[in-house]
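Participant: Sharing a structure here in structure tokens format.
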Amino acid sequence: MSHETQVILDRVVLVKVEANIYGARKKLKKEDLVLADGSKLPPEDLASLGSKRLLDPDKLTVFNRLKKEAERICLRVGTRFLGGFAVPVESAAGITAELERIALDFAAAKTEFIAGYDAAVTDWVVRHPEFAGIIEQAVDSVEFVSTRLSFDFLVVSVGLPESLPPVDVARLESKIGSLSEQMFYEISVEANQLIEQSLLGKEQVTRNALRPIRRMRDKLDGLGFLDHRVAPVVSTIDDLLARIPTKGAIEGSVLQEIMATAMLLSDPDKTRRHGEGLLAAQPPVVDDEVIEHAETEPPTVATTIIAETVSDSHDFSDLFNGIFDDEIEPESVSEDWALGVLLDKSQADAATNDSDEDIKPDDQSDLVAVTADGDDDEDAAEHSDQDYWF
């Protein structure tokens with residue numbers, strides 16, 4: 001097993017949610033149908049009969065809601081894996097507490113449903129008197145229904161036996177390798193819902209629109225060990241949240257940036273490419289030993305670089321070549337716009353950083369001399385301790 005696979009297995013637990021819900025359905029039989037004279041049913045190899053309801057389906061809504069809530073809780077910090085959810089180890093305790101609450105709610109709802117089961121069946125018969133016979137002959141006993149309603153969960157760690165054949169090891173590694181792909185897909189689903197339900201066609205939105213952004217950010221941050229391209233995407237979202245006003249409706253350029261970020265997250269491939277591009281644009285990390293050796297060398301004169309002055313030009317696209325494209329045409333105009341907004345933001349940051357270097361243009365030329373020993377990371381942690389949960 002590879003080192004990367006072992007690292008992932010060490011950092012996640014598998015949460016299995018088991019919710020069994022009584023369907024209150026039975027197969028519709030030929031004798032259940034009253035046919036007009038001369039009518040004929042198609043043969044079974046051509047068409048099959050459906051099912052008949054034994055009671056009002058609204059009576060079972062609460063169980064389906066609790067099941068979906070349990071899945072949402074797991075997906076909030078984890079991703080689907082092996083029929084369950086891969087959840088970061090540090091989030092397991094919180095997930096367990098919430099699933100315990102759902103188990104208690106499910107049990108209470110079951111008790112109420114079983115107590116009113118006979119009355120629910122009777123009410124269904126009264127509502128469909130002409131079909132009372134086919135309903136009553138298919139009704140299940142209360143004892144049977146009770147065995148078909150249950151909720152439980154299990155939290156386990158995933159590991160490999162030492163004697164596992166190589167082919168089985170490769171199979172599991174393939175499943176683990178697809179975790180990041182599944183994670184980006186789930187983020188794209190939530191981002192598309194945010195766009196459709198809260199952002200599309202809006203000139204202003206309330207602060208409630210930030211909650212899905214925050215959820216996606218936290219999920220990516222918690223599962224960042226699945227893919228190295230996640231960290232710069234999280235930083236992009238943090239930068240956006242830090243610049244949103246603390247009061248009032250959200251509109252104008254900030255709303256456009258939220259829309260652009262949501263559109264970026266709605267496309268798994270573009271999200272990965274964006275993270276890859278930001279990583280490629282970062283300066284290489286210098287080894288400590290190299291720095292110590294460099295300090296023993298005689299000081300040298302700062303290198304002078306000739307660059308265009310920023311005062312006469314607003315085109316910074318060359319600074320970001322290769323970040324937002326990989327030699328393919330954009331899929332749509334809306335995707336171009338989203339990336340363009342993010343690009344404009346990056347360009348604005350670049351212009352701000354240039355101004356902090358006190359660059360003074362030459363009166364006789366469009367070229368200036370810039371010393372290449374600046375460091376623009378002074379604002380990196382300015383908002384790290386603030387709470388942006390809205």
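Scheme for the structure tokens: letters A, B, ... for chains in order shown; per-chain residue numbers from 1; ligand numbers from 1 in order shown.
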If you count only C-alpha atoms, which residues fall within 8 Å of Phe151 in chain A, apart from same-chain ones fewer than 6 positions away, as a ChimeraX atom specification?
Facilitator: /A:17-20,103,106-107
Participant: Could you save those same residues with N, CA and C atoms as a compact mmCIF listing (two decimals), in the first residue's frame?
Facilitator:
```txt
# COMPACT_ATOMS: atom_id res chain seq x y z
N VAL A 17 -24.48 4.75 7.80
CA VAL A 17 -25.83 5.07 8.28
C VAL A 17 -26.79 4.02 7.74
N GLU A 18 -27.51 3.36 8.64
CA GLU A 18 -28.47 2.32 8.26
C GLU A 18 -29.87 2.76 8.67
N ALA A 19 -30.63 3.21 7.69
CA ALA A 19 -32.00 3.65 7.94
C ALA A 19 -32.95 2.79 7.11
N ASN A 20 -33.75 1.96 7.77
CA ASN A 20 -34.74 1.13 7.11
C ASN A 20 -36.11 1.76 7.29
N ALA A 103 -31.19 9.41 15.85
CA ALA A 103 -31.66 8.09 16.26
C ALA A 103 -32.79 8.22 17.28
N PHE A 106 -35.88 9.45 15.44
CA PHE A 106 -36.42 8.37 14.63
C PHE A 106 -37.23 7.41 15.51
N ALA A 107 -36.68 7.08 16.68
CA ALA A 107 -37.37 6.17 17.60
C ALA A 107 -38.69 6.76 18.07
```
Participant: Using only C-alpha atoms, which residues sit within 8 Å of Val121 in chain A once same-chain residues fewer than 6 positions away are excluded, as a list of chain:residue names?
Facilitator: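 The contact residues come out as A:Leu54, A:Leu55, A:Asp56, A:Val139.
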Participant: Any chance you could export the current selection's C-alpha atoms as a PDB file, in the first residue's frame?
Facilitator:
```
ATOM      1  CA  LEU A  54     -51.514   0.565   1.839  1.00  0.00           C
ATOM      2  CA  LEU A  55     -51.737   3.914   3.636  1.00  0.00           C
ATOM      3  CA  ASP A  56     -51.142   7.615   3.171  1.00  0.00           C
ATOM      4  CA  VAL A 139     -52.243  -4.947   5.019  1.00  0.00           C
TER       5      VAL A 139
END
```
Participant: Between A:Arg215, A:Lys16, A:Arg207, A:His3, single out the one closest to Ala86 in chain A, counting only C-alpha atoms.
Facilitator: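 Selected residue with least distance to Ala86 in chain A: A:Lys16.
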Participant: How many Å separate CA of Glu69 in chain A from CA of Ile102 in chain A?
Facilitator: 8.1 Å
Participant: Between A:Ser180, A:Ser157, A:Gln256, A:Ser51, which is the closest to Arg25 in chain A once you count only C-alpha atoms?
Facilitator: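 Closest to Arg25 in chain A of all the choices is A:Ser51.
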Participant: Neighbouring residues of range 124-134 of chain A were defined as those with any atom within 12 Å, considering only C-alpha atoms; residues of the same chain fewer than 6 positions away were excluded. Please report them as a list in words.
Facilitator: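 Here the answer would be Ala24, Arg25, Lys26, Lys27, Leu28, Lys29, Lys30, Glu31, Asp32, Leu33, Val34, Ser51, Lys52, Arg53, Leu54, Leu55, Asp56, Pro57, Asp58, Lys59, Tyr117 and Asp118 of chain A.
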Participant: Tell me, as a count of residues only, which residues lie within 10 Å of His228 in chain A, counting only C-alpha atoms; anything in the same chain fewer than 6 positions away does not count.
Facilitator: 5
Participant: Run DSSP on the backbone and give me the residues of range 65-176 of chain A it puts in strand (DSSP E), as a ChimeraX atom specification.
Facilitator: /A:79-81,84-88,150-156
Participant: Now that the selection is made, can you save its residues with N, CA and C atoms as a PDB file, in the first residue's frame?
Facilitator:
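Listed below is the output, selection.pdb:
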```pdb
ATOM      1  N   THR A  79     -17.288  12.736   2.642  1.00  0.00           N
ATOM      2  CA  THR A  79     -17.644  12.438   1.263  1.00  0.00           C
ATOM      3  C   THR A  79     -18.010  10.958   1.159  1.00  0.00           C
ATOM      4  N   ARG A  80     -18.821  10.604   0.192  1.00  0.00           N
ATOM      5  CA  ARG A  80     -19.304   9.226   0.065  1.00  0.00           C
ATOM      6  C   ARG A  80     -18.148   8.270  -0.206  1.00  0.00           C
ATOM      7  N   PHE A  81     -18.191   7.112   0.491  1.00  0.00           N
ATOM      8  CA  PHE A  81     -17.093   6.152   0.373  1.00  0.00           C
ATOM      9  C   PHE A  81     -17.560   4.785   0.853  1.00  0.00           C
ATOM     10  N   GLY A  84     -20.769   4.280   2.578  1.00  0.00           N
ATOM     11  CA  GLY A  84     -20.952   5.146   3.740  1.00  0.00           C
ATOM     12  C   GLY A  84     -20.352   6.506   3.458  1.00  0.00           C
ATOM     13  N   PHE A  85     -19.694   7.082   4.474  1.00  0.00           N
ATOM     14  CA  PHE A  85     -19.117   8.405   4.337  1.00  0.00           C
ATOM     15  C   PHE A  85     -17.729   8.428   4.974  1.00  0.00           C
ATOM     16  N   ALA A  86     -16.739   8.877   4.217  1.00  0.00           N
ATOM     17  CA  ALA A  86     -15.397   9.084   4.764  1.00  0.00           C
ATOM     18  C   ALA A  86     -15.377  10.439   5.449  1.00  0.00           C
ATOM     19  N   VAL A  87     -15.162  10.436   6.758  1.00  0.00           N
ATOM     20  CA  VAL A  87     -15.226  11.646   7.578  1.00  0.00           C
ATOM     21  C   VAL A  87     -13.888  11.849   8.274  1.00  0.00           C
ATOM     22  N   PRO A  88     -13.362  13.084   8.309  1.00  0.00           N
ATOM     23  CA  PRO A  88     -12.116  13.322   9.044  1.00  0.00           C
ATOM     24  C   PRO A  88     -12.220  12.849  10.487  1.00  0.00           C
ATOM     25  N   SER A 150     -36.289   1.189  11.311  1.00  0.00           N
ATOM     26  CA  SER A 150     -35.133   1.206  12.217  1.00  0.00           C
ATOM     27  C   SER A 150     -34.103   2.216  11.730  1.00  0.00           C
ATOM     28  N   PHE A 151     -33.337   2.736  12.677  1.00  0.00           N
ATOM     29  CA  PHE A 151     -32.243   3.651  12.354  1.00  0.00           C
ATOM     30  C   PHE A 151     -31.056   3.329  13.251  1.00  0.00           C
ATOM     31  N   ASP A 152     -29.885   3.213  12.635  1.00  0.00           N
ATOM     32  CA  ASP A 152     -28.669   2.953  13.389  1.00  0.00           C
ATOM     33  C   ASP A 152     -27.485   3.461  12.567  1.00  0.00           C
ATOM     34  N   PHE A 153     -26.340   3.564  13.206  1.00  0.00           N
ATOM     35  CA  PHE A 153     -25.135   3.987  12.505  1.00  0.00           C
ATOM     36  C   PHE A 153     -23.919   3.321  13.130  1.00  0.00           C
ATOM     37  N   LEU A 154     -22.850   3.323  12.371  1.00  0.00           N
ATOM     38  CA  LEU A 154     -21.624   2.665  12.807  1.00  0.00           C
ATOM     39  C   LEU A 154     -20.436   3.504  12.357  1.00  0.00           C
ATOM     40  N   VAL A 155     -19.459   3.684  13.244  1.00  0.00           N
ATOM     41  CA  VAL A 155     -18.236   4.426  12.917  1.00  0.00           C
ATOM     42  C   VAL A 155     -17.058   3.472  13.059  1.00  0.00           C
ATOM     43  N   VAL A 156     -16.335   3.249  11.971  1.00  0.00           N
ATOM     44  CA  VAL A 156     -15.208   2.310  11.979  1.00  0.00           C
ATOM     45  C   VAL A 156     -14.020   2.926  11.241  1.00  0.00           C
TER      46      VAL A 156
END
```
Participant: List the spatial neighbours of Met259 in chain A as a compact mmCIF listing (two decimals) with N, CA and C atoms, in the first residue's frame - criterion: any atom at most 10 Å away, only C-alpha atoms, same-chain residues fewer than 2 positions off excluded.
Facilitator:
```
# COMPACT_ATOMS: atom_id res chain seq x y z
N ALA A 191 -22.80 23.90 -5.05
CA ALA A 191 -22.59 25.20 -5.68
C ALA A 191 -23.67 25.48 -6.73
N LEU A 194 -26.78 26.53 -4.97
CA LEU A 194 -26.66 27.92 -4.53
C LEU A 194 -26.94 28.88 -5.67
N ILE A 195 -26.39 28.60 -6.83
CA ILE A 195 -26.58 29.48 -7.99
C ILE A 195 -28.06 29.51 -8.39
N SER A 198 -30.37 30.86 -5.12
CA SER A 198 -30.11 32.10 -4.38
C SER A 198 -29.44 33.21 -5.18
N LEU A 199 -28.72 32.89 -6.25
CA LEU A 199 -27.91 33.91 -6.92
C LEU A 199 -28.39 34.29 -8.31
N LEU A 200 -28.87 33.33 -9.05
CA LEU A 200 -29.19 33.58 -10.46
C LEU A 200 -30.27 34.65 -10.61
N LYS A 202 -30.31 37.68 -9.48
CA LYS A 202 -30.49 38.56 -8.32
C LYS A 202 -29.53 39.75 -8.38
N SER A 253 -20.23 44.62 -6.85
CA SER A 253 -19.05 43.84 -7.22
C SER A 253 -18.84 42.64 -6.30
N VAL A 254 -19.20 42.79 -5.03
CA VAL A 254 -19.05 41.67 -4.09
C VAL A 254 -19.98 40.52 -4.49
N LEU A 255 -21.21 40.85 -4.86
CA LEU A 255 -22.15 39.83 -5.31
C LEU A 255 -21.63 39.15 -6.57
N GLN A 256 -21.03 39.93 -7.46
CA GLN A 256 -20.45 39.35 -8.68
C GLN A 256 -19.33 38.37 -8.34
N GLU A 257 -18.54 38.69 -7.35
CA GLU A 257 -17.46 37.79 -6.95
C GLU A 257 -18.01 36.51 -6.33
N THR A 261 -17.33 32.89 -7.85
CA THR A 261 -16.77 31.80 -7.04
C THR A 261 -17.69 30.59 -7.05
N ALA A 262 -19.00 30.83 -6.95
CA ALA A 262 -19.96 29.72 -6.99
C ALA A 262 -19.91 29.01 -8.34
N MET A 263 -19.78 29.76 -9.43
CA MET A 263 -19.71 29.16 -10.75
C MET A 263 -18.42 28.35 -10.91
N LEU A 264 -17.35 28.84 -10.33
CA LEU A 264 -16.09 28.10 -10.37
C LEU A 264 -16.24 26.78 -9.62
N LEU A 265 -16.83 26.83 -8.42
CA LEU A 265 -17.00 25.62 -7.62
C LEU A 265 -18.01 24.66 -8.24
N TRP A 337 -16.94 34.48 -17.88
CA TRP A 337 -17.21 35.62 -17.01
C TRP A 337 -16.78 35.32 -15.59
N ALA A 338 -17.10 34.13 -15.08
CA ALA A 338 -16.75 33.77 -13.71
C ALA A 338 -15.26 33.82 -13.50
N VAL A 341 -13.94 37.42 -13.50
CA VAL A 341 -14.09 38.16 -12.25
C VAL A 341 -13.00 37.80 -11.27
```
Participant: Rounded to one decimal place, report the CA of Gly159 in chain A-CA of Ile187 in chain A distance in Å.
Facilitator: 26.7 Å
Participant: Just want the 12 Å neighbourhood of Pro232 in chain A, counted on only C-alpha atoms, with same-chain residues fewer than 3 positions away dropped. Output as a ChimeraX atom specification.
Facilitator: /A:217,220-221,224,227-229,235-239,271-282
Participant: Give me, as a list of chain:residue names, all polymer residues having an atom no more than 8 Å from Gln204 in chain A, counting only C-alpha atoms and skipping those fewer than 5 positions away in the same chain.
Facilitator: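 Neighbouring residues, sequence-local ones excluded: A:Ala249, A:Ile250, A:Glu251, A:Gly252, A:Leu255.
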Participant: Of the candidates A:Pro212, A:Gly83, A:Gly222, A:Pro268, which shows the shortest atom-to-atom distance to Leu241 in chain A, using only C-alpha atoms?
Facilitator: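 Smallest distance to Leu241 in chain A is found for A:Pro212.
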Participant: Once DSSP has gone over the backbone, tell me which residues of range 48-191 of chain A are in helix (DSSP H, G or I), as a compact mmCIF listing (two decimals) with N, CA and C atoms, in the first residue's frame.
Facilitator:
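Here's the written file states_23.txt:
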```
# COMPACT_ATOMS: atom_id res chain seq x y z
N PRO A 57 -48.92 7.99 2.14
CA PRO A 57 -47.45 8.10 2.17
C PRO A 57 -46.94 9.25 3.03
N ASP A 58 -47.79 10.25 3.27
CA ASP A 58 -47.37 11.37 4.12
C ASP A 58 -47.06 10.92 5.54
N LYS A 59 -47.64 9.79 5.94
CA LYS A 59 -47.37 9.27 7.29
C LYS A 59 -45.92 8.83 7.46
N LEU A 60 -45.23 8.58 6.35
CA LEU A 60 -43.85 8.10 6.40
C LEU A 60 -42.84 9.19 6.07
N THR A 61 -43.33 10.40 5.83
CA THR A 61 -42.45 11.50 5.45
C THR A 61 -41.38 11.78 6.49
N VAL A 62 -41.74 11.70 7.77
CA VAL A 62 -40.80 12.03 8.84
C VAL A 62 -39.58 11.11 8.82
N PHE A 63 -39.77 9.85 8.47
CA PHE A 63 -38.64 8.92 8.45
C PHE A 63 -37.69 9.20 7.29
N ASN A 64 -38.25 9.53 6.14
CA ASN A 64 -37.41 9.89 5.00
C ASN A 64 -36.65 11.19 5.27
N ARG A 65 -37.32 12.13 5.96
CA ARG A 65 -36.65 13.39 6.28
C ARG A 65 -35.46 13.16 7.21
N LEU A 66 -35.64 12.32 8.23
CA LEU A 66 -34.57 12.05 9.17
C LEU A 66 -33.40 11.32 8.50
N LYS A 67 -33.71 10.42 7.59
CA LYS A 67 -32.66 9.72 6.86
C LYS A 67 -31.83 10.70 6.03
N LYS A 68 -32.50 11.60 5.31
CA LYS A 68 -31.79 12.57 4.48
C LYS A 68 -30.99 13.55 5.34
N GLU A 69 -31.54 13.89 6.51
CA GLU A 69 -30.81 14.78 7.42
C GLU A 69 -29.51 14.12 7.89
N ALA A 70 -29.57 12.84 8.19
CA ALA A 70 -28.37 12.12 8.61
C ALA A 70 -27.32 12.12 7.51
N GLU A 71 -27.76 11.94 6.28
CA GLU A 71 -26.83 11.96 5.15
C GLU A 71 -26.23 13.34 4.96
N ARG A 72 -27.04 14.38 5.11
CA ARG A 72 -26.53 15.75 4.97
C ARG A 72 -25.49 16.05 6.04
N ILE A 73 -25.72 15.57 7.26
CA ILE A 73 -24.76 15.80 8.34
C ILE A 73 -23.41 15.18 7.99
N CYS A 74 -23.43 13.98 7.46
CA CYS A 74 -22.18 13.30 7.10
C CYS A 74 -21.52 13.98 5.90
N LEU A 75 -22.32 14.43 4.94
CA LEU A 75 -21.77 15.08 3.76
C LEU A 75 -21.25 16.48 4.05
N ARG A 76 -21.69 17.07 5.14
CA ARG A 76 -21.25 18.41 5.47
C ARG A 76 -19.74 18.47 5.69
N VAL A 77 -19.17 17.39 6.24
CA VAL A 77 -17.73 17.37 6.51
C VAL A 77 -17.04 16.21 5.82
N VAL A 89 -11.14 12.27 10.99
CA VAL A 89 -11.13 11.73 12.35
C VAL A 89 -11.55 12.78 13.37
N GLU A 90 -11.06 14.01 13.20
CA GLU A 90 -11.34 15.06 14.18
C GLU A 90 -12.81 15.48 14.18
N SER A 91 -13.57 15.12 13.14
CA SER A 91 -15.00 15.47 13.07
C SER A 91 -15.90 14.33 13.52
N ALA A 92 -15.33 13.17 13.81
CA ALA A 92 -16.13 11.98 14.11
C ALA A 92 -17.01 12.18 15.35
N ALA A 93 -16.46 12.80 16.40
CA ALA A 93 -17.22 12.97 17.64
C ALA A 93 -18.45 13.84 17.41
N GLY A 94 -18.30 14.93 16.67
CA GLY A 94 -19.43 15.81 16.39
C GLY A 94 -20.49 15.12 15.55
N ILE A 95 -20.05 14.34 14.55
CA ILE A 95 -20.99 13.60 13.71
C ILE A 95 -21.76 12.58 14.54
N THR A 96 -21.05 11.87 15.41
CA THR A 96 -21.69 10.86 16.25
C THR A 96 -22.77 11.48 17.14
N ALA A 97 -22.50 12.63 17.72
CA ALA A 97 -23.47 13.30 18.59
C ALA A 97 -24.75 13.65 17.82
N GLU A 98 -24.59 14.15 16.60
CA GLU A 98 -25.76 14.52 15.82
C GLU A 98 -26.54 13.30 15.34
N LEU A 99 -25.84 12.23 15.00
CA LEU A 99 -26.54 11.00 14.58
C LEU A 99 -27.27 10.36 15.76
N GLU A 100 -26.72 10.50 16.96
CA GLU A 100 -27.43 10.02 18.15
C GLU A 100 -28.75 10.76 18.33
N ARG A 101 -28.72 12.06 18.10
CA ARG A 101 -29.96 12.85 18.19
C ARG A 101 -30.98 12.37 17.17
N ILE A 102 -30.53 12.12 15.94
CA ILE A 102 -31.45 11.65 14.90
C ILE A 102 -32.01 10.28 15.25
N ALA A 103 -31.19 9.41 15.85
CA ALA A 103 -31.66 8.09 16.26
C ALA A 103 -32.79 8.22 17.28
N LEU A 104 -32.66 9.17 18.21
CA LEU A 104 -33.72 9.38 19.20
C LEU A 104 -34.99 9.93 18.53
N ASP A 105 -34.83 10.86 17.60
CA ASP A 105 -35.99 11.40 16.88
C ASP A 105 -36.67 10.31 16.06
N PHE A 106 -35.88 9.45 15.44
CA PHE A 106 -36.42 8.37 14.63
C PHE A 106 -37.23 7.41 15.51
N ALA A 107 -36.68 7.08 16.68
CA ALA A 107 -37.37 6.17 17.60
C ALA A 107 -38.69 6.76 18.07
N ALA A 108 -38.70 8.06 18.37
CA ALA A 108 -39.93 8.72 18.82
C ALA A 108 -40.98 8.72 17.70
N ALA A 109 -40.53 8.99 16.47
CA ALA A 109 -41.45 8.99 15.34
C ALA A 109 -42.00 7.58 15.08
N LYS A 110 -41.17 6.57 15.27
CA LYS A 110 -41.61 5.19 15.08
C LYS A 110 -42.69 4.82 16.09
N THR A 111 -42.47 5.20 17.35
CA THR A 111 -43.46 4.91 18.39
C THR A 111 -44.81 5.54 18.06
N GLU A 112 -44.77 6.78 17.60
CA GLU A 112 -46.01 7.47 17.24
C GLU A 112 -46.68 6.82 16.03
N PHE A 113 -45.87 6.43 15.03
CA PHE A 113 -46.43 5.82 13.83
C PHE A 113 -47.08 4.47 14.15
N ILE A 114 -46.40 3.64 14.95
CA ILE A 114 -46.94 2.33 15.28
C ILE A 114 -48.24 2.47 16.06
N ALA A 115 -48.30 3.44 16.96
CA ALA A 115 -49.51 3.65 17.75
C ALA A 115 -50.70 4.04 16.88
N TYR A 117 -50.96 3.24 13.54
CA TYR A 117 -50.91 2.47 12.30
C TYR A 117 -52.29 1.98 11.87
N ASP A 118 -53.03 1.32 12.77
CA ASP A 118 -54.35 0.79 12.41
C ASP A 118 -55.29 1.90 11.97
N ALA A 119 -55.23 3.02 12.65
CA ALA A 119 -56.09 4.15 12.28
C ALA A 119 -55.70 4.69 10.91
N ALA A 120 -54.42 4.69 10.60
CA ALA A 120 -53.96 5.18 9.29
C ALA A 120 -54.45 4.28 8.16
N VAL A 121 -54.43 2.97 8.39
CA VAL A 121 -54.92 2.04 7.38
C VAL A 121 -56.42 2.21 7.17
N THR A 122 -57.14 2.33 8.27
CA THR A 122 -58.59 2.51 8.18
C THR A 122 -58.93 3.79 7.43
N ASP A 123 -58.22 4.86 7.72
CA ASP A 123 -58.45 6.13 7.03
C ASP A 123 -58.19 5.99 5.53
N TRP A 124 -57.17 5.22 5.16
CA TRP A 124 -56.84 5.02 3.75
C TRP A 124 -57.95 4.24 3.04
N VAL A 125 -58.53 3.27 3.73
CA VAL A 125 -59.63 2.49 3.16
C VAL A 125 -60.85 3.37 2.96
N VAL A 126 -61.13 4.23 3.94
CA VAL A 126 -62.28 5.13 3.84
C VAL A 126 -62.11 6.08 2.67
N ARG A 127 -60.90 6.50 2.41
CA ARG A 127 -60.65 7.43 1.30
C ARG A 127 -60.74 6.74 -0.06
N PRO A 129 -62.91 3.75 -0.92
CA PRO A 129 -63.86 2.66 -0.61
C PRO A 129 -64.02 1.64 -1.74
N GLU A 130 -63.93 2.07 -2.97
CA GLU A 130 -64.10 1.15 -4.09
C GLU A 130 -62.98 0.13 -4.20
N PHE A 131 -61.85 0.42 -3.52
CA PHE A 131 -60.72 -0.51 -3.55
C PHE A 131 -60.38 -1.03 -2.15
N ALA A 132 -61.37 -0.99 -1.27
CA ALA A 132 -61.15 -1.41 0.11
C ALA A 132 -60.68 -2.86 0.18
N GLY A 133 -61.21 -3.70 -0.66
CA GLY A 133 -60.86 -5.12 -0.62
C GLY A 133 -59.40 -5.38 -0.90
N ILE A 134 -58.84 -4.75 -1.96
CA ILE A 134 -57.45 -5.03 -2.32
C ILE A 134 -56.47 -4.38 -1.34
N ILE A 135 -56.95 -3.38 -0.59
CA ILE A 135 -56.10 -2.77 0.44
C ILE A 135 -56.05 -3.66 1.67
N GLU A 136 -57.24 -4.05 2.14
CA GLU A 136 -57.33 -4.81 3.38
C GLU A 136 -56.64 -6.16 3.30
N VAL A 142 -48.95 -5.00 12.62
CA VAL A 142 -48.17 -3.98 13.33
C VAL A 142 -46.79 -4.52 13.69
N GLU A 143 -46.73 -5.79 14.10
CA GLU A 143 -45.45 -6.38 14.48
C GLU A 143 -44.48 -6.41 13.30
N PHE A 144 -44.98 -6.76 12.13
CA PHE A 144 -44.12 -6.80 10.95
C PHE A 144 -43.64 -5.40 10.58
N VAL A 145 -44.54 -4.43 10.62
CA VAL A 145 -44.18 -3.05 10.28
C VAL A 145 -43.11 -2.53 11.23
N SER A 146 -43.20 -2.90 12.51
CA SER A 146 -42.22 -2.44 13.50
C SER A 146 -40.81 -2.92 13.15
N THR A 147 -40.69 -4.11 12.59
CA THR A 147 -39.37 -4.63 12.21
C THR A 147 -38.81 -3.94 10.97
N PRO A 166 -2.12 -8.51 -3.73
CA PRO A 166 -1.85 -7.21 -4.38
C PRO A 166 -3.03 -6.69 -5.19
N VAL A 167 -3.78 -7.59 -5.83
CA VAL A 167 -4.90 -7.13 -6.65
C VAL A 167 -5.97 -6.47 -5.79
N ASP A 168 -6.17 -6.97 -4.56
CA ASP A 168 -7.15 -6.36 -3.67
C ASP A 168 -6.65 -5.03 -3.10
N VAL A 169 -5.34 -4.97 -2.86
CA VAL A 169 -4.74 -3.70 -2.42
C VAL A 169 -4.94 -2.63 -3.49
N ALA A 170 -4.68 -3.02 -4.73
CA ALA A 170 -4.84 -2.08 -5.85
C ALA A 170 -6.29 -1.63 -5.98
N ARG A 171 -7.21 -2.56 -5.71
CA ARG A 171 -8.65 -2.21 -5.81
C ARG A 171 -9.02 -1.16 -4.77
N LEU A 172 -8.56 -1.35 -3.54
CA LEU A 172 -8.87 -0.38 -2.49
C LEU A 172 -8.18 0.96 -2.76
N GLU A 173 -6.95 0.92 -3.22
CA GLU A 173 -6.24 2.16 -3.52
C GLU A 173 -6.95 2.95 -4.62
N SER A 174 -7.54 2.22 -5.56
CA SER A 174 -8.30 2.89 -6.61
C SER A 174 -9.52 3.60 -6.03
N LYS A 175 -10.20 2.94 -5.08
CA LYS A 175 -11.35 3.56 -4.43
C LYS A 175 -10.93 4.80 -3.64
N ILE A 176 -9.82 4.69 -2.92
CA ILE A 176 -9.34 5.81 -2.13
C ILE A 176 -8.89 6.95 -3.04
N GLY A 177 -8.27 6.59 -4.17
CA GLY A 177 -7.82 7.60 -5.12
C GLY A 177 -8.95 8.41 -5.72
N LEU A 179 -11.55 9.44 -4.03
CA LEU A 179 -12.22 10.23 -2.99
C LEU A 179 -12.21 11.72 -3.33
N SER A 180 -11.09 12.22 -3.82
CA SER A 180 -11.04 13.66 -4.14
C SER A 180 -11.99 14.00 -5.28
N GLU A 181 -12.09 13.10 -6.25
CA GLU A 181 -13.02 13.33 -7.35
C GLU A 181 -14.46 13.39 -6.84
N GLN A 182 -14.80 12.49 -5.93
CA GLN A 182 -16.14 12.50 -5.34
C GLN A 182 -16.37 13.77 -4.54
N MET A 183 -15.35 14.20 -3.81
CA MET A 183 -15.47 15.42 -3.01
C MET A 183 -15.75 16.63 -3.89
N PHE A 184 -14.98 16.80 -4.98
CA PHE A 184 -15.19 17.94 -5.87
C PHE A 184 -16.57 17.87 -6.53
N TYR A 185 -17.04 16.65 -6.81
CA TYR A 185 -18.37 16.51 -7.41
C TYR A 185 -19.45 16.98 -6.43
N GLU A 186 -19.34 16.56 -5.17
CA GLU A 186 -20.33 16.96 -4.17
C GLU A 186 -20.32 18.47 -3.95
N ILE A 187 -19.15 19.08 -3.99
CA ILE A 187 -19.06 20.54 -3.89
C ILE A 187 -19.76 21.18 -5.08
N SER A 188 -19.59 20.62 -6.27
CA SER A 188 -20.22 21.20 -7.46
C SER A 188 -21.74 21.13 -7.37
N VAL A 189 -22.26 20.05 -6.79
CA VAL A 189 -23.72 19.93 -6.63
C VAL A 189 -24.26 21.04 -5.73
N GLU A 190 -23.59 21.27 -4.61
CA GLU A 190 -24.05 22.30 -3.68
C GLU A 190 -23.88 23.69 -4.30
N ALA A 191 -22.80 23.90 -5.05
CA ALA A 191 -22.59 25.20 -5.68
C ALA A 191 -23.67 25.48 -6.73
```
Participant: CA of Leu164 in chain A and CA of Leu226 in chain A are how many Å apart?
Facilitator: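 Distance reported for this atom pair: 23.7 Å.
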Participant: Nearest to Gln193 in chain A among A:Pro245, A:Ala209, A:Ile8, A:Glu162, with distances taken over only C-alpha atoms: which residue is it?
Facilitator: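 Looking only at the distances to Gln193 in chain A, the closest residue turns out to be A:Ala209.
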